[in-house]
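For reference, final.pdb is printed below; it contains PDB, C-alpha atoms, pLDDT in the B column.
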ATOM      1  CA  MET A   1      89.858  53.288  57.827  1.00 57.00           C
ATOM      2  CA  PRO A   2      91.478  55.705  55.372  1.00 58.00           C
ATOM      3  CA  LYS A   3      93.824  54.655  52.637  1.00 57.00           C
ATOM      4  CA  SER A   4      96.529  56.946  51.295  1.00 55.00           C
ATOM      5  CA  TRP A   5      96.220  57.338  47.560  1.00 55.00           C
ATOM      6  CA  HIS A   6      98.162  60.454  46.678  1.00 54.00           C
ATOM      7  CA  ALA A   7     100.943  62.627  48.063  1.00 56.00           C
ATOM      8  CA  PHE A   8     101.642  66.226  47.108  1.00 53.00           C
ATOM      9  CA  LEU A   9     103.564  69.222  48.389  1.00 52.00           C
ATOM     10  CA  MET A  10     101.744  72.353  49.512  1.00 56.00           C
ATOM     11  CA  LYS A  11     103.925  75.267  50.658  1.00 59.00           C
ATOM     12  CA  LYS A  12     106.796  72.934  51.618  1.00 62.00           C
ATOM     13  CA  THR A  13     104.436  70.674  53.590  1.00 76.00           C
ATOM     14  CA  GLU A  14     103.738  67.115  52.488  1.00 83.00           C
ATOM     15  CA  VAL A  15     100.006  66.437  52.322  1.00 85.00           C
ATOM     16  CA  MET A  16      98.606  62.914  52.395  1.00 88.00           C
ATOM     17  CA  GLY A  17      95.618  62.504  50.074  1.00 88.00           C
ATOM     18  CA  ILE A  18      93.184  60.020  51.613  1.00 91.00           C
ATOM     19  CA  LYS A  19      89.831  58.369  51.077  1.00 90.00           C
ATOM     20  CA  VAL A  20      88.045  57.369  54.280  1.00 92.00           C
ATOM     21  CA  THR A  21      86.538  53.900  53.784  1.00 90.00           C
ATOM     22  CA  GLU A  22      84.985  53.564  57.249  1.00 90.00           C
ATOM     23  CA  GLY A  23      84.670  55.752  60.323  1.00 91.00           C
ATOM     24  CA  ARG A  24      86.156  59.232  60.177  1.00 92.00           C
ATOM     25  CA  ILE A  25      89.421  61.158  60.500  1.00 93.00           C
ATOM     26  CA  ALA A  26      89.466  64.315  62.616  1.00 94.00           C
ATOM     27  CA  LYS A  27      92.024  66.975  63.448  1.00 95.00           C
ATOM     28  CA  GLY A  28      93.965  65.842  66.514  1.00 95.00           C
ATOM     29  CA  ASP A  29      93.298  62.105  65.979  1.00 95.00           C
ATOM     30  CA  LYS A  30      96.141  59.678  66.592  1.00 96.00           C
ATOM     31  CA  LEU A  31      96.947  57.557  63.551  1.00 94.00           C
ATOM     32  CA  ARG A  32      98.738  54.257  63.132  1.00 94.00           C
ATOM     33  CA  LEU A  33     100.322  53.856  59.686  1.00 92.00           C
ATOM     34  CA  MET A  34     100.165  50.263  58.411  1.00 92.00           C
ATOM     35  CA  ARG A  35     101.903  48.800  55.359  1.00 92.00           C
ATOM     36  CA  GLU A  36     100.627  45.305  54.598  1.00 91.00           C
ATOM     37  CA  ASP A  37     100.439  43.859  58.158  1.00 90.00           C
ATOM     38  CA  GLN A  38     103.351  45.854  59.570  1.00 95.00           C
ATOM     39  CA  VAL A  39     103.101  48.963  61.766  1.00 94.00           C
ATOM     40  CA  ILE A  40     105.258  51.704  60.229  1.00 93.00           C
ATOM     41  CA  GLY A  41     104.683  54.263  62.965  1.00 94.00           C
ATOM     42  CA  GLU A  42     102.268  56.494  64.840  1.00 95.00           C
ATOM     43  CA  THR A  43     101.479  60.147  64.282  1.00 94.00           C
ATOM     44  CA  ARG A  44      98.736  62.746  64.790  1.00 96.00           C
ATOM     45  CA  VAL A  45      96.543  64.702  62.343  1.00 95.00           C
ATOM     46  CA  SER A  46      97.576  68.369  62.516  1.00 95.00           C
ATOM     47  CA  THR A  47      95.437  69.638  59.587  1.00 94.00           C
ATOM     48  CA  ALA A  48      92.492  68.258  57.601  1.00 95.00           C
ATOM     49  CA  ARG A  49      91.185  69.745  54.337  1.00 93.00           C
ATOM     50  CA  GLN A  50      88.510  68.997  51.802  1.00 94.00           C
ATOM     51  CA  GLY A  51      89.234  70.891  48.624  1.00 89.00           C
ATOM     52  CA  LYS A  52      90.614  74.282  49.654  1.00 87.00           C
ATOM     53  CA  GLU A  53      88.582  74.428  52.861  1.00 94.00           C
ATOM     54  CA  GLN A  54      89.952  73.463  56.261  1.00 94.00           C
ATOM     55  CA  THR A  55      87.672  71.040  58.062  1.00 96.00           C
ATOM     56  CA  SER A  56      87.567  69.457  61.492  1.00 95.00           C
ATOM     57  CA  LYS A  57      86.836  65.951  60.149  1.00 95.00           C
ATOM     58  CA  ILE A  58      86.570  63.826  57.009  1.00 95.00           C
ATOM     59  CA  GLU A  59      83.702  61.327  57.076  1.00 94.00           C
ATOM     60  CA  SER A  60      83.371  57.816  55.639  1.00 92.00           C
ATOM     61  CA  GLY A  61      83.155  57.820  51.834  1.00 93.00           C
ATOM     62  CA  GLN A  62      84.788  61.235  51.531  1.00 94.00           C
ATOM     63  CA  GLU A  63      88.196  62.245  50.217  1.00 93.00           C
ATOM     64  CA  GLY A  64      90.480  64.881  51.637  1.00 93.00           C
ATOM     65  CA  GLY A  65      94.003  65.833  52.529  1.00 92.00           C
ATOM     66  CA  ILE A  66      95.722  65.623  55.893  1.00 93.00           C
ATOM     67  CA  VAL A  67      99.020  66.847  57.282  1.00 92.00           C
ATOM     68  CA  VAL A  68     100.484  64.683  60.026  1.00 92.00           C
ATOM     69  CA  SER A  69     102.998  65.481  62.744  1.00 92.00           C
ATOM     70  CA  PRO A  70     105.487  63.977  63.170  1.00 91.00           C
ATOM     71  CA  PHE A  71     105.866  63.202  59.478  1.00 87.00           C
ATOM     72  CA  LEU A  72     105.921  59.506  58.516  1.00 87.00           C
ATOM     73  CA  ASP A  73     107.299  58.217  55.233  1.00 85.00           C
ATOM     74  CA  PHE A  74     104.181  56.807  53.576  1.00 86.00           C
ATOM     75  CA  VAL A  75     103.578  55.152  50.226  1.00 86.00           C
ATOM     76  CA  ILE A  76     100.458  54.934  48.084  1.00 85.00           C
ATOM     77  CA  GLY A  77      98.197  52.181  49.423  1.00 87.00           C
ATOM     78  CA  ASP A  78      99.243  52.432  53.087  1.00 88.00           C
ATOM     79  CA  VAL A  79      96.382  52.119  55.555  1.00 90.00           C
ATOM     80  CA  LEU A  80      95.781  54.564  58.421  1.00 91.00           C
ATOM     81  CA  ILE A  81      94.022  53.422  61.569  1.00 90.00           C
ATOM     82  CA  SER A  82      92.603  56.231  63.685  1.00 89.00           C
ATOM     83  CA  HIS A  83      92.421  55.873  67.458  1.00 80.00           C
ATOM     84  CA  SER A  84      91.924  58.269  70.355  1.00 65.00           C
TER      85      SER A  84
END
As C-alpha coordinates, please, write out the structure in this file.
Amino acid sequence: MPKSWHAFLMKKTEVMGIKVTEGRIAKGDKLRLMREDQVIGETRVSTARQGKEQTSKIESGQEGGIVVSPFLDFVIGDVLISHS
(Lines of atoms letter the chains of each structure in order from A and count residues from 1; the text may use other names and numbers.)
(Lines give C-alpha, C1' and ligand atoms only; values in the text may rest on other atoms or scores of the structure.)
Protein backbone atom coordinates (compact mmCIF):
# COMPACT_ATOMS: atom_id res chain seq x y z
CA MET A 1 0.00 0.00 0.00
CA PRO A 2 1.83 3.12 -1.17
CA LYS A 3 1.55 6.47 0.50
CA SER A 4 2.00 9.73 -1.38
CA TRP A 5 4.66 11.85 0.24
CA HIS A 6 5.73 14.36 -2.38
CA ALA A 7 4.42 15.97 -5.55
CA PHE A 8 6.51 17.63 -8.24
CA LEU A 9 6.22 18.77 -11.83
CA MET A 10 8.28 17.13 -14.56
CA LYS A 11 7.87 18.54 -18.08
CA LYS A 12 4.35 19.82 -17.31
CA THR A 13 3.33 16.44 -15.85
CA GLU A 14 2.50 16.06 -12.17
CA VAL A 15 4.43 13.18 -10.63
CA MET A 16 3.32 11.53 -7.40
CA GLY A 17 6.26 10.60 -5.17
CA ILE A 18 5.42 7.40 -3.29
CA LYS A 19 6.83 4.90 -0.84
CA VAL A 20 5.40 1.39 -1.18
CA THR A 21 4.73 0.02 2.32
CA GLU A 22 3.36 -3.37 1.24
CA GLY A 23 2.85 -5.19 -2.04
CA ARG A 24 3.93 -3.44 -5.22
CA ILE A 25 2.85 -0.83 -7.77
CA ALA A 26 3.24 -1.64 -11.47
CA LYS A 27 2.65 0.22 -14.71
CA GLY A 28 -0.95 -0.34 -15.78
CA ASP A 29 -2.24 -1.08 -12.24
CA LYS A 30 -5.58 0.38 -11.22
CA LEU A 31 -5.35 2.57 -8.13
CA ARG A 32 -7.91 3.73 -5.61
CA LEU A 33 -6.97 7.02 -3.93
CA MET A 34 -8.03 7.16 -0.27
CA ARG A 35 -7.98 10.17 2.06
CA GLU A 36 -8.65 9.13 5.65
CA ASP A 37 -11.47 6.58 5.11
CA GLN A 38 -12.97 8.25 2.05
CA VAL A 39 -12.48 7.16 -1.58
CA ILE A 40 -11.35 10.18 -3.61
CA GLY A 41 -11.30 8.42 -6.97
CA GLU A 42 -9.82 5.73 -9.17
CA THR A 43 -7.06 6.00 -11.74
CA ARG A 44 -4.37 3.95 -13.49
CA VAL A 45 -0.55 4.06 -13.36
CA SER A 46 0.71 5.29 -16.75
CA THR A 47 4.42 5.63 -15.82
CA ALA A 48 6.61 4.38 -12.97
CA ARG A 49 10.16 5.61 -12.25
CA GLN A 50 12.87 5.00 -9.71
CA GLY A 51 15.38 7.80 -9.87
CA LYS A 52 15.77 8.73 -13.54
CA GLU A 53 15.09 5.20 -14.78
CA GLN A 54 11.71 4.01 -16.01
CA THR A 55 10.66 0.78 -14.35
CA SER A 56 7.79 -1.65 -14.72
CA LYS A 57 7.15 -1.90 -10.96
CA ILE A 58 8.08 -0.48 -7.56
CA GLU A 59 8.38 -3.11 -4.82
CA SER A 60 7.56 -2.99 -1.10
CA GLY A 61 10.00 -0.81 0.85
CA GLN A 62 11.06 1.14 -2.23
CA GLU A 63 10.39 4.74 -3.23
CA GLY A 64 9.60 6.01 -6.69
CA GLY A 65 7.50 8.32 -8.78
CA ILE A 66 4.34 7.54 -10.70
CA VAL A 67 2.22 9.41 -13.21
CA VAL A 68 -1.47 8.53 -13.14
CA SER A 69 -4.16 8.91 -15.77
CA PRO A 70 -6.69 10.35 -15.34
CA PHE A 71 -5.09 12.81 -12.94
CA LEU A 72 -6.52 12.90 -9.39
CA ASP A 73 -6.03 15.80 -7.01
CA PHE A 74 -3.95 14.21 -4.26
CA VAL A 75 -2.45 15.57 -1.06
CA ILE A 76 0.57 14.45 0.95
CA GLY A 77 -0.39 11.47 3.11
CA ASP A 78 -3.10 10.05 0.82
CA VAL A 79 -3.08 6.27 0.53
CA LEU A 80 -3.16 4.40 -2.79
CA ILE A 81 -4.64 0.92 -2.99
CA SER A 82 -3.59 -1.06 -6.04
CA HIS A 83 -5.96 -3.59 -7.59
CA SER A 84 -6.14 -5.41 -10.91
query = the PyMOL selection byres ((chain A and resi 19-22) around 12) on the file shown: which residues, as an MDAnalysis selection string?
reply = chainID A and resid 1:6 16:18 23:26 49:50 57:66 76:82
Would you give the centre and edge lengths, in Å to one decimal, of a box along x, y and z around the listed atoms of region 56-72 of chain A, with 3 Å added to each side, as AutoDock Vina command-line options?
--center_x 94.5 --center_y 63.6 --center_z 56.7 --size_x 28.8 --size_y 17.6 --size_z 19.0
request  = Give me, please, the distance in Å between CA of Lys30 (chain A) and CA of Val45 (chain A), quoted to one decimal.
outcome  = 6.6 Å
ask   = Nearest to Val15 (chain A) among A:Ala48, A:Glu53, A:His83, A:Asp37, with distances taken over all atoms listed in the file: which residue is it?
value =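 Smallest separation from Val15 (chain A) among the options: A:Ala48.
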task = List the residues matched by the PyMOL selection byres ((chain A and resi 40-43) around 8) in the displayed structure as a PyMOL selection string, ordered by chain and then by residue number.
result = chain A and resi 30-35+38-39+44-45+68-72
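With distances taken over all atoms listed in the file, A:Ser46 is the one residue among A:Ser46, A:Thr55, A:Glu14, A:Phe74 lying closest to Gly28 (chain A).
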